[in-house]
2 protein chains.
Amino acid sequence: MSEFLFEKVALIGIGLIGSSIAINIRERGLAREVAIATRREETLRRAEELRLGSSFHLDPAEAVRDADLVILCLPVGSCGAATEAMAKGLKPGAIVTDVGSVKGAIVRDVGPHLPAHVHFVPGHPIAGTEQSGPDAGFLELFENRWTILTPLPDTDEAATEALRRFWEATGAMVEVMTPEHHDMVLAIVSHVPHLIAYNIVGTAADLETVTQSEVIKFSASGFRDFTRIAASDPTMWRDIFLTNREAVLEMLSRFSEDLASLQRAIRWADGEALFDLFTRTRAIRRSIVQAGQDTEEANFGRLKPRRGDPWNEKGTTAPGE
Amino acid sequence: MSEFLFEKVALIGIGLIGSSIAINIRERGLAREVAIATRREETLRRAEELRLGSSFHLDPAEAVRDADLVILCLPVGSCGAATEAMAKGLKPGAIVTDVGSVKGAIVRDVGPHLPAHVHFVPGHPIAGTEQSGPDAGFLELFENRWTILTPLPDTDEAATEALRRFWEATGAMVEVMTPEHHDMVLAIVSHVPHLIAYNIVGTAADLETVTQSEVIKFSASGFRDFTRIAASDPTMWRDIFLTNREAVLEMLSRFSEDLASLQRAIRWADGEALFDLFTRTRAIRRSIVQAGQDTEEANFGRLKPRRGDPWNEKGTTAPGE
């Protein structure tokens, strides 16, 4: 029996998630060989400089040759075309998975391009930062985070189990659910939060009564938390909203309904309704900290930011004057 | 000339902000005496245990006696009554200020109770964490953060300058603007962001299709950032929304308008509109980091959360089954 979980892993795409997987394989010895394929030559060269794999390819069909495990590490919208391009190189019995934040669209776009002789187990590691590209990866990204696998009704159970062991070897915890349920859960815990973060940052940038420099200066009062999320990769997030449309629109309409009712409470000075909600939400924060999914340090234990450009010297005029 | 900025400072209320001011006065030697007044005896005892002041009072009028600087460190909604209660103890020439997140309401509620022989300079340090109470304070809270002062047209300039020097001695940067402008700025950088954070956490908690334990488990995908803000002090935030109603409703309606247009872009698969917004918002994050108002570390440089209760053992059933 091999000392490795897989003899050869192929990573199609090498952004934040792909490079973090590559570092995990290298540092924890999870596979003998790692083939990396990217569309852009520049990214491929960077992956090589960072020693993220053992072979480097512009043709995904070449990268997946002889691979036991193939991981699509691409924005959801690019997975269909990439699968079509690599399909002819896939070996019988190979496990094909992905890391996309939407699973229904992956089943729909990737499935039809796969030969019958491979095992398809869509997956999604719930981990990330606002940074992207092959330099953004790090070993601990998946540690103590959940990875969701969404096998289809006819997926080979042994393939799902092998993939579970792989993710667990990176420090992740694994849960299995249907693609439909995954997309509903992610819409509320991730997609709608990102959408409203993008939206509030956009609203603030467009005001005439408050200048952009004021928004930036006084951001420590709450706004800055939203800008982190609103700095996430634009292509990846465009694809998520386009491919998880139904669930996002459903959750968004609930959010708007609730917001309208809060708005009404403010207009009619219903302090009790506000106080009740604010007390309830505090308890949820506590549960998240207790579940080990966030730090209990104040302000996320933020490192003290360095003092930046002194705004006083930038010629901004005192507002309100 | 005294070695202190003020001979005696009185702090009315000793929560996160009050205790952080007290620690600054003590550690940086900003005043000879610090009198602390609270309404609850238990809080007062705790402040004494923490050595936050030199005298401790349940009667605010007693605390402010002979004080050169009086700082109301209370939720906005409590400042009017506290001022009424302390007014008779105020010495001629004393500077009275506050730390509330709404300034129009402070001018309206506090101003009328003040004798003509004191200087009233409303103020607001833009700093805080999601934690509250006398134990939450720390020395560095105001460092490299802005404090906004909103003197009235007839406020003595020397009083404003003395208060500016006090805040600068805590490490803060100071800016002066009108109360009206302050309330508009804060509505967009702080009040509406808090409101939508409270709202999304409430929406998520109320779903039937996604369980609360799933929301907590998978919160690292974006949601957890919102729960930090939604864990802020309920009384303080109720008061903010009730007292800054006009500006909050104005900013909220802009937010909702923009959100409706994003919703439309998703429904009609307008990927370009989404991509454009997501690119624009990324630039704002960069400006905030450059201005020294947040860390550039991924995930806020979060300390690695400890592994909490293993959810698997909590008897939660696999969702989607």
# chains A, B, ... in the order shown; residues from 1 in each chain; ligands from 1
>>> residues_around(residues="stretch 280-290 of chain B", least_positions_apart="4", cutoff="8 Å", atoms="only C-alpha atoms", output="ChimeraX atom specification")
/A:198,201-202,216-217,219,224,227-228,230-232,305,308-309 /B:276,294-296
>>> select_by_dssp(residues="stretch 49-126 of chain B", states="strand (DSSP E)", output="count of residues only")
16
>>> select_by_dssp(residues="stretch 61-299 of chain A", states="alpha helix (DSSP H)", output="JSON, numbers by chain")
{"A": [61, 62, 63, 79, 80, 81, 82, 83, 84, 85, 86, 104, 105, 106, 107, 108, 109, 110, 157, 158, 159, 160, 161, 162, 163, 164, 165, 166, 167, 168, 169, 179, 180, 181, 182, 183, 184, 185, 186, 192, 193, 194, 195, 196, 197, 198, 199, 200, 201, 202, 203, 204, 205, 212, 213, 214, 215, 216, 217, 223, 224, 225, 226, 227, 228, 229, 234, 235, 236, 237, 238, 239, 240, 241, 242, 243, 245, 246, 247, 248, 249, 250, 251, 252, 253, 254, 255, 256, 257, 258, 259, 260, 261, 262, 263, 264, 265, 266, 267, 271, 272, 273, 274, 275, 276, 277, 278, 279, 280, 281, 282, 283, 284, 285, 286, 287, 288, 289, 290]}
>>> atom_distance(atom1="atom CA of B:Ala85", atom2="atom CA of B:Gly18")
18.4 Å
>>> closest_residue(among="B:Ser55, B:Ser221, B:Ser256, B:Asn144", to="B:Asn299", atoms="only C-alpha atoms")
B:Ser221
>>> closest_residue(among="B:Glu246, B:Asp156, B:Glu161, B:Glu41", to="chain A", atoms="only C-alpha atoms")
B:Glu246
>>> closest_residue(among="A:Val9, A:Trp167, A:Ile196, A:Val102", to="A:Phe223", atoms="only C-alpha atoms")
A:Ile196
>>> atom_distance(atom1="atom CA of A:Pro122", atom2="atom CA of A:Met236")
17.0 Å
>>> residues_around(residues="A:Thr155", least_positions_apart="2", cutoff="10 Å", atoms="only C-alpha atoms", output="list in words")
Val118, His119, Phe120, Val121, Thr150, Pro151, Leu152, Pro153, Glu157, Ala158, Ala159 and Thr160 of chain A
>>> residues_around(residues="B:Gly89", least_positions_apart="4", cutoff="12 Å", atoms="only C-alpha atoms", output="number ranges by chain")
B: 10, 59-68, 70, 82-85, 94, 114-115, 117-118
>>> closest_residue(among="B:Ser261, B:Ser101, B:Thr279, B:Ser20", to="A:Arg238", atoms="only C-alpha atoms")
B:Thr279
>>> atom_distance(atom1="atom CA of A:Thr243", atom2="atom CA of A:Glu257")
23.2 Å
>>> closest_residue(among="B:Phe218, B:Trp268, B:Phe275, B:Phe166", to="B:Phe6", atoms="only C-alpha atoms")
B:Phe166
